Amino acid sequence: MPSLFSRFYQYQKERFPFLTHGLLIAAFSFSAISYSRICREAAGFISTEKFLVCIFNTITIFLLLRIFDEHKDAEDDAKYRKELPVPRGLITLPELRNIGIFIFILQLVVNSITYPKMLLLYAGVMLYMALMGKEFFIANWLKKHQFWYVVSHMFIIPFVDVFASGYDWYLEDAHAPIGLLFFFAVSFMNGIVLEIGRKIRAPKDESTGVLTYSSLLGATKSVSLWTLMLATTLALAICACYYAHHTTAVYVVLVCSFLLTLIPAILFSITQSPKSAKRIEIASGLWTITMYLSLGGVVKLFELL
């Protein structure tokens, strides 16, 4: 049998590709910190050491979420998604659990050595993740109420947002800017957009036992729901721009990005083809990156350069 390292390498390629996820999470972290500093009118950026520790934590936190989900969804995956790494035997749940424990210990060590003050915010993230792992002790009810299931799980993103942005305001003993509330709301809605976008499929791609929004609501209604979430995110992003005193150019970028992101949805409504469904998922990811970079990342980069 191949080594655990080689099998985990294959696992991450399928379920948590470090390169693509890492870039998205790094942009997420950079933008959260940048937006906080912009709202506080703080010059420059945090130290490179702080930022690297922040990225390490946020990436490994989302990896832990992936491992939690593997355990939470194990029964359904074994029944309906046998092609996934765990059901097909590439890697076992005990092996993933041990990897998760190792990551958790590593996080504790890194945070204790570097910025022990951040352990308080880290504890909040871990507590919410633990509740998610137990489905908030109402698993059966959540399974029957998909909306609340998604909402309860997406709240982990604002928790990570608080943690990431804390490398600015919390470590500098400053008050968290009010505008961060809108940034956190944008992050939450981006999670919803991504979740719905990746679960819209062409009729021929629907599978028994695999819950998608297109099978639950129908192709037209699922796209309408995705569009509504997209528009809500745009509205919140505009509010976040206001609190950060961004220029008109940022508002223009947001609106143009919104209109471009709608194109795959329109094409899917017409064709309902697998390619157009996949484009909605891709557009959701690009929209998310655009939101983060527009609100904090690019503005701060221009300032630093």
# chains A, B, ... in the order shown; residues from 1 in each chain; ligands from 1
>>> residues_around(residues="Ser284 (chain A)", least_positions_apart="2", cutoff="8 Å", atoms="only C-alpha atoms", output="MDAnalysis selection string")
chainID A and resid 193:194 197 261 280:282 286:288
>>> select_by_dssp(residues="region 142-286 of chain A", states="helix (DSSP H, G or I)", output="ChimeraX atom specification")
/A:142-144,146-154,156-165,179-197,203-205,213-217,219-244,248-271,274-286
>>> closest_atom_pairs(of="region 119-227 of chain A", to="region 237-245 of chain A", cutoff="6 Å", atoms="only C-alpha atoms", output="CSV")
residue,atom,partner,partner_atom,distance
A:Gly179,CA,A:Tyr243,CA,5.2
A:Phe182,CA,A:Ala240,CA,5.1
A:Phe183,CA,A:Ala240,CA,5.9
>>> write_last_selection(atoms="N, CA, C and O atoms", output="PDB file, in the first residue's frame")
ATOM      1  N   GLY A 179     -17.196  48.939  10.332  1.00  0.00           N
ATOM      2  CA  GLY A 179     -17.292  48.459   8.959  1.00  0.00           C
ATOM      3  C   GLY A 179     -17.015  46.971   8.827  1.00  0.00           C
ATOM      4  O   GLY A 179     -17.479  46.330   7.881  1.00  0.00           O
ATOM      5  N   PHE A 182     -19.935  44.646   8.180  1.00  0.00           N
ATOM      6  CA  PHE A 182     -20.374  44.463   6.800  1.00  0.00           C
ATOM      7  C   PHE A 182     -19.418  43.549   6.044  1.00  0.00           C
ATOM      8  O   PHE A 182     -19.842  42.753   5.197  1.00  0.00           O
ATOM      9  N   PHE A 183     -18.119  43.636   6.348  1.00  0.00           N
ATOM     10  CA  PHE A 183     -17.155  42.726   5.723  1.00  0.00           C
ATOM     11  C   PHE A 183     -17.454  41.291   6.131  1.00  0.00           C
ATOM     12  O   PHE A 183     -17.411  40.376   5.305  1.00  0.00           O
TER      13      PHE A 183
END
>>> closest_residue(among="A:Thr92, A:Asn190, A:Gln12, A:Ser294", to="Ser34 (chain A)", atoms="only C-alpha atoms")
A:Ser294
>>> closest_residue(among="A:Ile105, A:Val250, A:Ile192, A:Ile99", to="Tyr292 (chain A)", atoms="only C-alpha atoms")
A:Val250
>>> closest_residue(among="A:Asp76, A:Val160, A:Ser257, A:Thr290", to="Leu24 (chain A)", atoms="only C-alpha atoms")
A:Thr290
>>> closest_residue(among="A:Asn57, A:Asn111, A:Gln146, A:Gln10", to="Leu90 (chain A)", atoms="only C-alpha atoms")
A:Gln10
>>> residues_around(residues="Phe8 (chain A)", least_positions_apart="6", cutoff="12 Å", atoms="only C-alpha atoms", output="ChimeraX atom specification")
/A:2,14-18,67,85-86,89-93,95-96,98-100
>>> write_last_selection(atoms="C-alpha atoms", output="CSV table (one decimal), in the first residue's frame")
chain,number,residue,atom,x,y,z
A,2,PRO,CA,1.3,3.5,-0.8
A,14,GLU,CA,-9.4,15.8,-4.8
A,15,ARG,CA,-10.9,17.3,-1.7
A,16,PHE,CA,-8.8,20.2,-0.6
A,17,PRO,CA,-6.3,21.3,-3.3
A,18,PHE,CA,-3.7,23.3,-1.3
A,67,ILE,CA,-11.8,16.7,7.8
A,85,PRO,CA,-11.5,9.2,-1.4
A,86,VAL,CA,-12.8,7.8,1.9
A,89,GLY,CA,-10.5,3.4,0.4
A,90,LEU,CA,-7.8,5.8,-0.6
A,91,ILE,CA,-7.6,7.1,3.0
A,92,THR,CA,-9.5,6.1,6.1
A,93,LEU,CA,-11.5,8.1,8.6
A,95,GLU,CA,-6.2,8.3,9.4
A,96,LEU,CA,-7.9,11.7,8.7
A,98,ASN,CA,-5.1,11.5,13.4
A,99,ILE,CA,-4.1,14.1,10.8
A,100,GLY,CA,-6.7,16.5,12.2
>>> closest_residue(among="A:Met229, A:Val151, A:Leu254, A:Ala277", to="Glu206 (chain A)", atoms="only C-alpha atoms")
A:Ala277
>>> atom_distance(atom1="CA of Thr58 (chain A)", atom2="CA of Ser165 (chain A)")
10.9 Å
>>> residues_around(residues="Ala78 (chain A)", least_positions_apart="5", cutoff="10 Å", atoms="only C-alpha atoms", output="list of chain:residue names")
A:Asp73, A:Glu83, A:Leu84, A:Val86, A:Pro87, A:Arg88
>>> atom_distance(atom1="CA of Lys199 (chain A)", atom2="CA of Ser214 (chain A)")
7.1 Å
>>> residues_around(residues="Val53 (chain A)", least_positions_apart="2", cutoff="12 Å", atoms="only C-alpha atoms", output="ChimeraX atom specification")
/A:26,29-30,46-51,55-60,106-116,118,163-164,167
>>> write_last_selection(atoms="C-alpha atoms", output="PDB file, in the first residue's frame")
ATOM      1  CA  ALA A  26      -4.651  33.841   1.500  1.00  0.00           C
ATOM      2  CA  SER A  29      -6.926  36.698   5.049  1.00  0.00           C
ATOM      3  CA  PHE A  30      -5.077  39.558   3.345  1.00  0.00           C
ATOM      4  CA  ILE A  46       0.984  44.077   9.588  1.00  0.00           C
ATOM      5  CA  SER A  47       4.414  42.442   9.810  1.00  0.00           C
ATOM      6  CA  THR A  48       5.300  39.601   7.447  1.00  0.00           C
ATOM      7  CA  GLU A  49       5.602  37.242  10.419  1.00  0.00           C
ATOM      8  CA  LYS A  50       2.083  38.035  11.616  1.00  0.00           C
ATOM      9  CA  PHE A  51       0.680  37.567   8.137  1.00  0.00           C
ATOM     10  CA  ILE A  55      -2.265  32.343   6.649  1.00  0.00           C
ATOM     11  CA  PHE A  56      -1.013  29.145   8.293  1.00  0.00           C
ATOM     12  CA  ASN A  57      -3.892  29.278  10.771  1.00  0.00           C
ATOM     13  CA  THR A  58      -6.651  30.090   8.303  1.00  0.00           C
ATOM     14  CA  ILE A  59      -5.596  27.447   5.767  1.00  0.00           C
ATOM     15  CA  THR A  60      -5.289  24.732   8.405  1.00  0.00           C
ATOM     16  CA  LEU A 106       0.435  22.187  15.628  1.00  0.00           C
ATOM     17  CA  GLN A 107      -1.934  25.170  15.634  1.00  0.00           C
ATOM     18  CA  LEU A 108      -1.834  25.335  19.432  1.00  0.00           C
ATOM     19  CA  VAL A 109       1.965  25.204  19.442  1.00  0.00           C
ATOM     20  CA  VAL A 110       2.353  27.852  16.719  1.00  0.00           C
ATOM     21  CA  ASN A 111      -0.118  30.230  18.350  1.00  0.00           C
ATOM     22  CA  SER A 112       1.312  29.718  21.837  1.00  0.00           C
ATOM     23  CA  ILE A 113       4.837  30.487  20.625  1.00  0.00           C
ATOM     24  CA  THR A 114       4.037  33.388  18.300  1.00  0.00           C
ATOM     25  CA  TYR A 115       0.953  35.318  19.440  1.00  0.00           C
ATOM     26  CA  PRO A 116      -0.626  33.639  22.488  1.00  0.00           C
ATOM     27  CA  MET A 118      -4.805  35.085  19.576  1.00  0.00           C
ATOM     28  CA  PHE A 163      -9.803  35.640  13.862  1.00  0.00           C
ATOM     29  CA  ALA A 164      -7.960  36.716  10.693  1.00  0.00           C
ATOM     30  CA  TYR A 167      -4.109  40.004  13.598  1.00  0.00           C
TER      31      TYR A 167
END
>>> atom_distance(atom1="CA of Phe136 (chain A)", atom2="CA of Ser152 (chain A)")
8.7 Å
>>> closest_residue(among="A:Asp69, A:Asp205, A:Leu119, A:Lys275", to="Tyr170 (chain A)", atoms="only C-alpha atoms")
A:Leu119
>>> residues_around(residues="Met132 (chain A)", least_positions_apart="3", cutoff="10 Å", atoms="only C-alpha atoms", output="list in words")
Leu65, Phe68, Asp69, Lys72, Met126, Leu127, Tyr128, Met129, Glu135, Phe136, Phe137, Ala139, Tyr149, Ser152, His153, Met154, Phe155 and Ile156 of chain A
>>> decode(residues="region 252-287 of chain A", atoms="N, CA, C and O atoms", output="PDB file, in the first residue's frame")
ATOM      1  N   VAL A 252     -17.643  50.799  -9.075  1.00  0.00           N
ATOM      2  CA  VAL A 252     -17.783  50.411 -10.486  1.00  0.00           C
ATOM      3  C   VAL A 252     -17.313  48.975 -10.703  1.00  0.00           C
ATOM      4  O   VAL A 252     -17.967  48.182 -11.394  1.00  0.00           O
ATOM      5  N   VAL A 253     -16.181  48.625 -10.087  1.00  0.00           N
ATOM      6  CA  VAL A 253     -15.658  47.256 -10.206  1.00  0.00           C
ATOM      7  C   VAL A 253     -16.665  46.249  -9.653  1.00  0.00           C
ATOM      8  O   VAL A 253     -16.912  45.193 -10.262  1.00  0.00           O
ATOM      9  N   LEU A 254     -17.265  46.568  -8.516  1.00  0.00           N
ATOM     10  CA  LEU A 254     -18.230  45.653  -7.894  1.00  0.00           C
ATOM     11  C   LEU A 254     -19.443  45.433  -8.791  1.00  0.00           C
ATOM     12  O   LEU A 254     -19.882  44.294  -9.005  1.00  0.00           O
ATOM     13  N   VAL A 255     -19.990  46.507  -9.321  1.00  0.00           N
ATOM     14  CA  VAL A 255     -21.188  46.397 -10.171  1.00  0.00           C
ATOM     15  C   VAL A 255     -20.860  45.655 -11.466  1.00  0.00           C
ATOM     16  O   VAL A 255     -21.630  44.785 -11.900  1.00  0.00           O
ATOM     17  N   CYS A 256     -19.736  45.969 -12.083  1.00  0.00           N
ATOM     18  CA  CYS A 256     -19.339  45.281 -13.317  1.00  0.00           C
ATOM     19  C   CYS A 256     -19.109  43.793 -13.064  1.00  0.00           C
ATOM     20  O   CYS A 256     -19.499  42.946 -13.878  1.00  0.00           O
ATOM     21  N   SER A 257     -18.475  43.480 -11.935  1.00  0.00           N
ATOM     22  CA  SER A 257     -18.244  42.074 -11.581  1.00  0.00           C
ATOM     23  C   SER A 257     -19.567  41.344 -11.388  1.00  0.00           C
ATOM     24  O   SER A 257     -19.725  40.188 -11.803  1.00  0.00           O
ATOM     25  N   PHE A 258     -20.519  42.016 -10.762  1.00  0.00           N
ATOM     26  CA  PHE A 258     -21.845  41.432 -10.560  1.00  0.00           C
ATOM     27  C   PHE A 258     -22.489  41.097 -11.897  1.00  0.00           C
ATOM     28  O   PHE A 258     -23.019  39.991 -12.087  1.00  0.00           O
ATOM     29  N   LEU A 259     -22.449  42.036 -12.824  1.00  0.00           N
ATOM     30  CA  LEU A 259     -23.078  41.823 -14.128  1.00  0.00           C
ATOM     31  C   LEU A 259     -22.391  40.701 -14.912  1.00  0.00           C
ATOM     32  O   LEU A 259     -23.054  39.873 -15.548  1.00  0.00           O
ATOM     33  N   LEU A 260     -21.069  40.650 -14.851  1.00  0.00           N
ATOM     34  CA  LEU A 260     -20.331  39.584 -15.544  1.00  0.00           C
ATOM     35  C   LEU A 260     -20.618  38.217 -14.917  1.00  0.00           C
ATOM     36  O   LEU A 260     -20.720  37.208 -15.623  1.00  0.00           O
ATOM     37  N   THR A 261     -20.759  38.194 -13.587  1.00  0.00           N
ATOM     38  CA  THR A 261     -21.015  36.929 -12.888  1.00  0.00           C
ATOM     39  C   THR A 261     -22.400  36.381 -13.216  1.00  0.00           C
ATOM     40  O   THR A 261     -22.625  35.160 -13.127  1.00  0.00           O
ATOM     41  N   LEU A 262     -23.302  37.243 -13.612  1.00  0.00           N
ATOM     42  CA  LEU A 262     -24.663  36.800 -13.969  1.00  0.00           C
ATOM     43  C   LEU A 262     -24.705  36.035 -15.290  1.00  0.00           C
ATOM     44  O   LEU A 262     -25.630  35.252 -15.523  1.00  0.00           O
ATOM     45  N   ILE A 263     -23.714  36.239 -16.143  1.00  0.00           N
ATOM     46  CA  ILE A 263     -23.738  35.632 -17.480  1.00  0.00           C
ATOM     47  C   ILE A 263     -23.865  34.110 -17.433  1.00  0.00           C
ATOM     48  O   ILE A 263     -24.708  33.530 -18.139  1.00  0.00           O
ATOM     49  N   PRO A 264     -23.063  33.386 -16.633  1.00  0.00           N
ATOM     50  CA  PRO A 264     -23.216  31.919 -16.577  1.00  0.00           C
ATOM     51  C   PRO A 264     -24.611  31.483 -16.119  1.00  0.00           C
ATOM     52  O   PRO A 264     -25.127  30.465 -16.598  1.00  0.00           O
ATOM     53  N   ALA A 265     -25.215  32.255 -15.211  1.00  0.00           N
ATOM     54  CA  ALA A 265     -26.562  31.922 -14.748  1.00  0.00           C
ATOM     55  C   ALA A 265     -27.582  32.044 -15.870  1.00  0.00           C
ATOM     56  O   ALA A 265     -28.481  31.212 -16.026  1.00  0.00           O
ATOM     57  N   ILE A 266     -27.427  33.097 -16.666  1.00  0.00           N
ATOM     58  CA  ILE A 266     -28.339  33.294 -17.798  1.00  0.00           C
ATOM     59  C   ILE A 266     -28.176  32.168 -18.819  1.00  0.00           C
ATOM     60  O   ILE A 266     -29.158  31.610 -19.326  1.00  0.00           O
ATOM     61  N   LEU A 267     -26.925  31.809 -19.101  1.00  0.00           N
ATOM     62  CA  LEU A 267     -26.656  30.726 -20.060  1.00  0.00           C
ATOM     63  C   LEU A 267     -27.198  29.394 -19.559  1.00  0.00           C
ATOM     64  O   LEU A 267     -27.761  28.600 -20.331  1.00  0.00           O
ATOM     65  N   PHE A 268     -27.066  29.143 -18.254  1.00  0.00           N
ATOM     66  CA  PHE A 268     -27.580  27.895 -17.698  1.00  0.00           C
ATOM     67  C   PHE A 268     -29.107  27.848 -17.786  1.00  0.00           C
ATOM     68  O   PHE A 268     -29.692  26.796 -18.071  1.00  0.00           O
ATOM     69  N   SER A 269     -29.752  28.980 -17.538  1.00  0.00           N
ATOM     70  CA  SER A 269     -31.217  29.026 -17.631  1.00  0.00           C
ATOM     71  C   SER A 269     -31.698  28.682 -19.033  1.00  0.00           C
ATOM     72  O   SER A 269     -32.772  28.113 -19.212  1.00  0.00           O
ATOM     73  N   ILE A 270     -30.864  29.014 -20.029  1.00  0.00           N
ATOM     74  CA  ILE A 270     -31.240  28.744 -21.421  1.00  0.00           C
ATOM     75  C   ILE A 270     -30.909  27.312 -21.835  1.00  0.00           C
ATOM     76  O   ILE A 270     -31.731  26.612 -22.424  1.00  0.00           O
ATOM     77  N   THR A 271     -29.690  26.864 -21.493  1.00  0.00           N
ATOM     78  CA  THR A 271     -29.214  25.569 -22.003  1.00  0.00           C
ATOM     79  C   THR A 271     -29.352  24.418 -21.010  1.00  0.00           C
ATOM     80  O   THR A 271     -29.535  23.271 -21.411  1.00  0.00           O
ATOM     81  N   GLN A 272     -29.217  24.723 -19.704  1.00  0.00           N
ATOM     82  CA  GLN A 272     -29.211  23.709 -18.638  1.00  0.00           C
ATOM     83  C   GLN A 272     -28.224  22.581 -18.959  1.00  0.00           C
ATOM     84  O   GLN A 272     -28.492  21.403 -18.719  1.00  0.00           O
ATOM     85  N   SER A 273     -27.074  22.966 -19.483  1.00  0.00           N
ATOM     86  CA  SER A 273     -26.049  21.989 -19.849  1.00  0.00           C
ATOM     87  C   SER A 273     -25.039  21.830 -18.722  1.00  0.00           C
ATOM     88  O   SER A 273     -24.886  22.720 -17.878  1.00  0.00           O
ATOM     89  N   PRO A 274     -24.306  20.710 -18.672  1.00  0.00           N
ATOM     90  CA  PRO A 274     -23.274  20.503 -17.648  1.00  0.00           C
ATOM     91  C   PRO A 274     -22.209  21.600 -17.669  1.00  0.00           C
ATOM     92  O   PRO A 274     -21.738  22.034 -16.619  1.00  0.00           O
ATOM     93  N   LYS A 275     -21.814  22.042 -18.867  1.00  0.00           N
ATOM     94  CA  LYS A 275     -20.785  23.078 -18.964  1.00  0.00           C
ATOM     95  C   LYS A 275     -21.249  24.391 -18.344  1.00  0.00           C
ATOM     96  O   LYS A 275     -20.499  25.066 -17.640  1.00  0.00           O
ATOM     97  N   SER A 276     -22.488  24.761 -18.629  1.00  0.00           N
ATOM     98  CA  SER A 276     -22.999  26.022 -18.088  1.00  0.00           C
ATOM     99  C   SER A 276     -23.177  25.933 -16.573  1.00  0.00           C
ATOM    100  O   SER A 276     -22.986  26.926 -15.861  1.00  0.00           O
ATOM    101  N   ALA A 277     -23.514  24.747 -16.060  1.00  0.00           N
ATOM    102  CA  ALA A 277     -23.627  24.559 -14.611  1.00  0.00           C
ATOM    103  C   ALA A 277     -22.254  24.715 -13.950  1.00  0.00           C
ATOM    104  O   ALA A 277     -22.117  25.354 -12.900  1.00  0.00           O
ATOM    105  N   LYS A 278     -21.240  24.130 -14.583  1.00  0.00           N
ATOM    106  CA  LYS A 278     -19.874  24.234 -14.053  1.00  0.00           C
ATOM    107  C   LYS A 278     -19.404  25.684 -14.057  1.00  0.00           C
ATOM    108  O   LYS A 278     -18.686  26.114 -13.139  1.00  0.00           O
ATOM    109  N   ARG A 279     -19.820  26.434 -15.057  1.00  0.00           N
ATOM    110  CA  ARG A 279     -19.412  27.843 -15.138  1.00  0.00           C
ATOM    111  C   ARG A 279     -19.996  28.662 -13.985  1.00  0.00           C
ATOM    112  O   ARG A 279     -19.400  29.652 -13.566  1.00  0.00           O
ATOM    113  N   ILE A 280     -21.177  28.276 -13.496  1.00  0.00           N
ATOM    114  CA  ILE A 280     -21.749  28.965 -12.340  1.00  0.00           C
ATOM    115  C   ILE A 280     -20.857  28.754 -11.118  1.00  0.00           C
ATOM    116  O   ILE A 280     -20.591  29.691 -10.357  1.00  0.00           O
ATOM    117  N   GLU A 281     -20.377  27.527 -10.943  1.00  0.00           N
ATOM    118  CA  GLU A 281     -19.478  27.238  -9.827  1.00  0.00           C
ATOM    119  C   GLU A 281     -18.180  28.046  -9.945  1.00  0.00           C
ATOM    120  O   GLU A 281     -17.707  28.631  -8.969  1.00  0.00           O
ATOM    121  N   ILE A 282     -17.621  28.084 -11.153  1.00  0.00           N
ATOM    122  CA  ILE A 282     -16.386  28.847 -11.377  1.00  0.00           C
ATOM    123  C   ILE A 282     -16.627  30.336 -11.139  1.00  0.00           C
ATOM    124  O   ILE A 282     -15.818  31.021 -10.504  1.00  0.00           O
ATOM    125  N   ALA A 283     -17.762  30.829 -11.645  1.00  0.00           N
ATOM    126  CA  ALA A 283     -18.101  32.248 -11.480  1.00  0.00           C
ATOM    127  C   ALA A 283     -18.267  32.602 -10.004  1.00  0.00           C
ATOM    128  O   ALA A 283     -17.887  33.697  -9.570  1.00  0.00           O
ATOM    129  N   SER A 284     -18.805  31.672  -9.219  1.00  0.00           N
ATOM    130  CA  SER A 284     -18.975  31.904  -7.778  1.00  0.00           C
ATOM    131  C   SER A 284     -17.618  32.117  -7.114  1.00  0.00           C
ATOM    132  O   SER A 284     -17.457  33.001  -6.261  1.00  0.00           O
ATOM    133  N   GLY A 285     -16.640  31.290  -7.498  1.00  0.00           N
ATOM    134  CA  GLY A 285     -15.303  31.423  -6.940  1.00  0.00           C
ATOM    135  C   GLY A 285     -14.627  32.721  -7.348  1.00  0.00           C
ATOM    136  O   GLY A 285     -14.012  33.411  -6.519  1.00  0.00           O
ATOM    137  N   LEU A 286     -14.760  33.075  -8.629  1.00  0.00           N
ATOM    138  CA  LEU A 286     -14.160  34.320  -9.114  1.00  0.00           C
ATOM    139  C   LEU A 286     -14.810  35.540  -8.462  1.00  0.00           C
ATOM    140  O   LEU A 286     -14.135  36.521  -8.137  1.00  0.00           O
ATOM    141  N   TRP A 287     -16.125  35.471  -8.287  1.00  0.00           N
ATOM    142  CA  TRP A 287     -16.854  36.554  -7.622  1.00  0.00           C
ATOM    143  C   TRP A 287     -16.335  36.737  -6.190  1.00  0.00           C
ATOM    144  O   TRP A 287     -16.089  37.863  -5.739  1.00  0.00           O
TER     145      TRP A 287
END
